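Peer 1: Encoded as structure tokens, here's the structure I'll be asking about.
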Amino acid sequence: MTISKEEKFKELDAIFADKKTLAAYEEVNDIRRDRVAAFEYALKEKFGESILLDREKVEFYKNRFREVSSFEPDVDPELQEKFDRITAAFSDKATLAMYEAELKTKRDWDATLQYAIKERVEAELKKLGIKK
């Protein structure tokens, strides 16, 4: 089953409209990034900076770390479901780019329309002899 572009855009509209969940999503991602950075710092301190260049060793130690802990903060399952939808939507780069382009086009059109209305109103006011 293929989801249409319009359905994908509606999903993105809903995601961006839910500011509270989006803020929580960003906060969880910040926590995850901080934990990964702290982990990599600890590796660097223990083994030297060159370890970070060896992706295989880094993955090995990450997997060992995951056996006893996690980079992921504890999240309510219902919220995690929303986060998974956000992640899926954001990972579709092509649709996200089209969505952003369409939003920009709408904003540009709205700005053009507002400018035209303003010009028209000012012209009508001028005809009536009303100064702004």
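Quick note on naming: the chains in the structure tokens go A, B, ... in the order shown, residues restart at 1 in each chain, and ligands are numbered from 1 in order of appearance.
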Excluding Arg85 in chain A and its own-chain neighbours fewer than 6 positions away, which residues fall within 10 Å of it when counting only C-alpha atoms? Please give them as a VMD selection string.
Peer 2: chain A and resid 11 to 12 15 79 91
Peer 1: Near Leu52 in chain A, within 9 Å and counting only C-alpha atoms, which residues show up once chain neighbours fewer than 5 positions away are dropped, as a ChimeraX atom specification?
Peer 2: /A:40,43-44,57-58
Peer 1: May I ask which of the residues A:Phe9, A:Trp109, A:Ala14, A:Ser4 is the closest one to Ala97 in chain A, counting only C-alpha atoms?
Peer 2: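 Checking each of A:Phe9, A:Trp109, A:Ala14, A:Ser4 against Ala97 in chain A, counting only C-alpha atoms, the winner is A:Phe9.
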Peer 1: I'd like the neighbourhood of Ser70 in chain A as a list in words, where a residue qualifies if any of its atoms comes within 10 Å (using only C-alpha atoms), though same-chain residues fewer than 6 positions away should be ignored.
Peer 2: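 My list of contacting residues is Arg32, Arg35, Val36, Lys62 and Asn63 of chain A.
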Peer 1: Under the rule that only C-alpha atoms are counted, which of A:Asp74, A:Glu45, A:Asp13, A:Glu122 is the nearest residue to Glu102 in chain A?
Peer 2: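 Of A:Asp74, A:Glu45, A:Asp13, A:Glu122, the one nearest Glu102 in chain A is A:Asp13, counting only C-alpha atoms.
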Peer 1: What is the distance, in Å and to one decimal place, between CA of Tyr61 in chain A and CA of Asp34 in chain A?
Peer 2: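 Separation between CA of Tyr61 in chain A and CA of Asp34 in chain A: 16.8 Å.
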Peer 1: Between CA of Glu78 in chain A and CA of Lys10 in chain A, measure the distance and give it in Å to one decimal.
Peer 2: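 That distance, rounded to one decimal, is 20.4 Å.
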Peer 1: When you count only C-alpha atoms, which of these residues is closest to Phe65 in chain A: A:Phe39, A:Glu7, A:Glu100, A:Phe47?
Peer 2: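 The answer is A:Phe39, which sits nearest to Phe65 in chain A.
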Peer 1: List the spatial neighbours of Pro73 in chain A as a count of residues only - criterion: any atom at most 10 Å away, only C-alpha atoms, same-chain residues fewer than 2 positions off excluded.
Peer 2: 10
